[in-house]
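K.L.:
Please read through the structure below; I'll follow up with questions.
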Amino acid sequence: MKRVNIILAAFLFASFLSAQEVVEKIEVVGNNRVSRDTIAYYLTCREGDYYNEAILKKDFRVLWSTGFFSDLRIEEESGQKGRIIKIYVEENPIVKNVIFKTGKKVKQGDIINKLKEKDENIVPHSYYSPYKVQKAKRTVKELLEEKGLQAARLDTELINLGKNEVDLIFRIDEGPKLRVGEVVFIGKNKVPDSFLVEAMKDNRNHSLLNWIAGKDVFKKNKLEENIAEVKKKLQEFGYMEASVGEPKIEEIAKKSVLFKKQKMMKLIIPVDPGLVYRTGEIKVEGNKFVSNKYLMSLVKLKPGEIYNLKMREKTVEKMGETYRNLAFLYAQIIPVENLDPKNKVVNVTFSINEGEVAFLRRLNFIGNTFTKDKVIRREMMLREGDRFSLAMFKDSVLRVKQLGLVDIEKDPDIKPDLEDPTKIDVNLNVKELQKNNIQLSAGYSGYEGTFVAFSYSTVNFLGGGETLEFTLQQGKRVKNYSFGLTEPYIFDQPMTVGFNVFDRKVNIPYLYNQLAKGVSLFYGMRLYEYWRFNLNYSFQRTTIDVPYYEDESGNHYYYNPYFYPGTYNVSAIEPTLYRSTVDSPLTPSRGTSYSASFKYAGSFLGGQVHLIRPRLDVAHYQPFIANHVLGFHLEYMVVKGTRGHEVPYWERFFLGGEQSIRGYDFYTIGPRDENDVLIGGQKSLIINFEYIIPVGGPLYGIFFYDLGNAWLSGKKVSLKDVYTSAGLEVRVFVPALRVPFRLIFAYNNRKIYADSSNFAFRFAIGTTF
């Protein structure tokens, strides 16, 4: 019986196959650029296959989705041996050029970047697709609305070039930019309107500051986000059940900051804050590795105080950071709030899922062709196989940047293993900075005067971070011949040694001429993390020559009676302790540096100059609006003679110039006698402020404010007795030279001489701090 069933089934299946038709032939009609083979590639149906209508429908959808065709149909007819499939196509034209015709308010680059961001950019030599064009139009419209161009019109046009090629033109009529004239909150609002307006990050009322920052532009598409932020702001004041209604938008006429009357938008936002909630019980659950006591110390909320949503988020962020720094990269901190309407308190539980510890499996450096891998790797505080502490990894990246040999091109590529997410692979993309500086130059600077110089220096001599310097400079004020070498790592340990041999002559007009020949030896070591200790010993033979003039009788009179010519041996040692988290030695944008040094000359070291000179130096860089940076610098120094010796004139403090108070000439600021002769200070204070604006590429604009002075030892340091200089500096950083060129425009508060001007212009090289 079983055999009969099998035979019957085989017979029925054979009958079914014989009754089913085959695809005898597939023809393509109307194609020009798109070859038959290309079309066949997208087809599932093949000649000789059994005819299947469902497969043909699927092939139709696939072909249509390619965007190759503006019209497509598939027909079939009977052939001699089966069915003939005919595919009729009408090809989309090729877009030869994509042209954006816009005004001054929206740049073509902004449009292209926006389209790329959404993967909707239409590139030349692609097939025209009405669907893609419509998507691109919606995205461009969103961009226009973000820029406050609510009334902008956007049209597209196809210019037929023949041979089935077209130019696609986006025509944008920008129209006027709409601004927010007024933001009004109505209802039982108990929070000052100024706090709520602050939450409207994208739709703030028109004012000078908001106009400069572009925050007063009306952006309808951002209103929903802004309303959500207003609610969060209310919850920061304890109004946990606050509600914010749909804003009402009205047109008003208002004068702009340019005193021109124009149409603006008035936003009327209904607010019902409800009642204030206070913080109730606070608990932490689910933690195993980190103690309850420590986690509770991170909680920013206090029982009985008004409940603050922002403080809750800061607590979550701090707890998450703690776990990530301990290598628990996947730790989750979930705040669970329980509102008690009766007692008006919020009981909050921080539920923690610690997850597993992550380990660094592979660390790769990409982009270093000359710099040895170990030079970068030795700055990493993490080794392969170590726990992947995020804090240690960030510190390591900062230390790599501080080398000044490479720059980090983009964020590190951190990839967990797909099968075992606790194993982390890291690719660090670096870009090698210009290591060699071979310079033959002539020019002028405030300090050096006119000069001709040849110099060679490299910060990566043999690929191991070695610094080699060789300088020959001949100038009106400065002659400098020097040779030095520094090795940053000795025996692969974080210890630095180096030396410098020099022969310098400096001419300070109307003060003195100094000729110094000698050698300096340098030793440094890393103490802990960013803390370093340096020790510098120098010996130099200094010859001082004092300018003088002759009267008619041939008598010599020194311009400066406090200075006497002579030759002196100076033997000095200077220990320095410093810490730096500044991210780059060339173009810093964040971080702080501290430095304390103590120069000791003479006594048991020998020589004829006996003094001590302590110095304190602090610098800080803080990211500000966009990519702008705020810079601050303070330097305080004191010099004092020892063993009954006076401080030599040339070791005293004379301020002025681009390295201290940049609007004044070098060596012009300091205490003077009754005859207005500079006598030099024994203590000095310099404070610099900078607002750094990257303009583009190597160009920076810097607003600065410098103040400082030098005083005699018996005088008190006073901010009421200082010289100030404020103005604008244009700085061009030249990577090949590793130094910036500077144009300084300054206004000085005090005149050095009666016939001097308060305004100053100077050219300089280097940085102030």
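Ordered as shown in the structure tokens, chains take letters A, B, and onward, while each chain numbers its residues from 1 and ligands are numbered from 1 in the order shown.
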Counting only C-alpha atoms, what is within 6 Å of Arg171 (chain A), bar same-chain residues fewer than 2 positions away, as a list in words?

P.N.:
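In the requested format, the answer is Lys101, Leu154, Asp155 and Thr156 of chain A.
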
K.L.:
Please, which residues of region 515-703 of chain A, numbered as in this document, come out strand (DSSP E or B) from DSSP, as a VMD selection string?

P.N.:
chain A and resid 515 to 528 531 to 545 548 to 550 556 to 558 566 to 580 591 to 601 607 611 to 623 629 to 638 640 to 641 653 655 669 672 678 681 683 to 696 699 to 703

K.L.:
Can you list, as a PyMOL selection string, every protein, DNA or RNA residue that comes within 12 Å of Val257 (chain A) when you count only C-alpha atoms, leaving out same-chain residues fewer than 4 positions away?

P.N.:
chain A and resi 179+181+205-212+216+261-262

K.L.:
Could you write those residues out with N, CA, C and O atoms, as a PDB file, in the first residue's frame?

P.N.:
```pdb
ATOM      1  N   ARG A 179      12.447  86.663  13.562  1.00  0.00           N
ATOM      2  CA  ARG A 179      13.045  86.621  14.891  1.00  0.00           C
ATOM      3  C   ARG A 179      11.955  86.592  15.960  1.00  0.00           C
ATOM      4  O   ARG A 179      10.798  86.934  15.700  1.00  0.00           O
ATOM      5  N   GLY A 181      10.389  88.193  18.865  1.00  0.00           N
ATOM      6  CA  GLY A 181      10.355  89.521  19.471  1.00  0.00           C
ATOM      7  C   GLY A 181      10.091  89.481  20.961  1.00  0.00           C
ATOM      8  O   GLY A 181      10.610  90.302  21.723  1.00  0.00           O
ATOM      9  N   ASN A 205      14.060  85.648  23.147  1.00  0.00           N
ATOM     10  CA  ASN A 205      13.601  86.959  22.682  1.00  0.00           C
ATOM     11  C   ASN A 205      14.760  87.801  22.150  1.00  0.00           C
ATOM     12  O   ASN A 205      15.908  87.659  22.566  1.00  0.00           O
ATOM     13  N   HIS A 206      14.425  88.679  21.215  1.00  0.00           N
ATOM     14  CA  HIS A 206      15.420  89.492  20.510  1.00  0.00           C
ATOM     15  C   HIS A 206      16.094  90.478  21.474  1.00  0.00           C
ATOM     16  O   HIS A 206      15.438  91.263  22.144  1.00  0.00           O
ATOM     17  N   SER A 207      17.418  90.379  21.545  1.00  0.00           N
ATOM     18  CA  SER A 207      18.240  91.305  22.327  1.00  0.00           C
ATOM     19  C   SER A 207      19.614  91.320  21.683  1.00  0.00           C
ATOM     20  O   SER A 207      19.907  90.518  20.781  1.00  0.00           O
ATOM     21  N   LEU A 208      20.489  92.204  22.142  1.00  0.00           N
ATOM     22  CA  LEU A 208      21.804  92.335  21.530  1.00  0.00           C
ATOM     23  C   LEU A 208      22.600  91.037  21.640  1.00  0.00           C
ATOM     24  O   LEU A 208      23.149  90.541  20.655  1.00  0.00           O
ATOM     25  N   LEU A 209      22.643  90.457  22.849  1.00  0.00           N
ATOM     26  CA  LEU A 209      23.427  89.240  23.051  1.00  0.00           C
ATOM     27  C   LEU A 209      22.834  88.058  22.286  1.00  0.00           C
ATOM     28  O   LEU A 209      23.562  87.280  21.666  1.00  0.00           O
ATOM     29  N   ASN A 210      21.500  87.921  22.345  1.00  0.00           N
ATOM     30  CA  ASN A 210      20.857  86.814  21.620  1.00  0.00           C
ATOM     31  C   ASN A 210      20.992  86.986  20.112  1.00  0.00           C
ATOM     32  O   ASN A 210      21.091  86.002  19.368  1.00  0.00           O
ATOM     33  N   TRP A 211      21.004  88.216  19.660  1.00  0.00           N
ATOM     34  CA  TRP A 211      21.178  88.492  18.230  1.00  0.00           C
ATOM     35  C   TRP A 211      22.584  88.098  17.780  1.00  0.00           C
ATOM     36  O   TRP A 211      22.763  87.469  16.741  1.00  0.00           O
ATOM     37  N   ILE A 212      23.598  88.439  18.581  1.00  0.00           N
ATOM     38  CA  ILE A 212      24.978  88.084  18.247  1.00  0.00           C
ATOM     39  C   ILE A 212      25.143  86.573  18.233  1.00  0.00           C
ATOM     40  O   ILE A 212      25.790  86.008  17.347  1.00  0.00           O
ATOM     41  N   ASP A 216      17.995  84.320  18.802  1.00  0.00           N
ATOM     42  CA  ASP A 216      16.688  84.978  18.702  1.00  0.00           C
ATOM     43  C   ASP A 216      15.949  84.638  17.413  1.00  0.00           C
ATOM     44  O   ASP A 216      14.880  85.170  17.147  1.00  0.00           O
ATOM     45  N   LYS A 261      12.465  98.783  12.313  1.00  0.00           N
ATOM     46  CA  LYS A 261      11.199  98.143  12.669  1.00  0.00           C
ATOM     47  C   LYS A 261      10.933  96.982  11.724  1.00  0.00           C
ATOM     48  O   LYS A 261      10.995  97.130  10.506  1.00  0.00           O
ATOM     49  N   GLN A 262      10.650  95.811  12.286  1.00  0.00           N
ATOM     50  CA  GLN A 262      10.421  94.645  11.447  1.00  0.00           C
ATOM     51  C   GLN A 262       9.443  93.683  12.112  1.00  0.00           C
ATOM     52  O   GLN A 262       9.163  93.793  13.313  1.00  0.00           O
TER      53      GLN A 262
END
```

K.L.:
I want to know what sits within 9 Å of Glu198 (chain A), based on only C-alpha atoms, with residues of the same chain fewer than 6 positions away left out; could you give that as a list in words?

P.N.:
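Counting only the stated atoms, we get Arg204, Val230 and Lys233 of chain A.
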
K.L.:
If you run DSSP on the backbone, which residues of region 187-421 of chain A are alpha helix (DSSP H), as number ranges by chain?

P.N.:
A: 193-199, 208-213, 223-236, 292-297, 309-325, 373-377, 390-402

K.L.:
Nearest residue to Tyr277 (chain A) out of A:Glu225, A:Glu321, A:Glu313, A:Glu337, using only C-alpha atoms?

P.N.:
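Between A:Glu225, A:Glu321, A:Glu313, A:Glu337, the residue approaching Tyr277 (chain A) most closely is A:Glu337.
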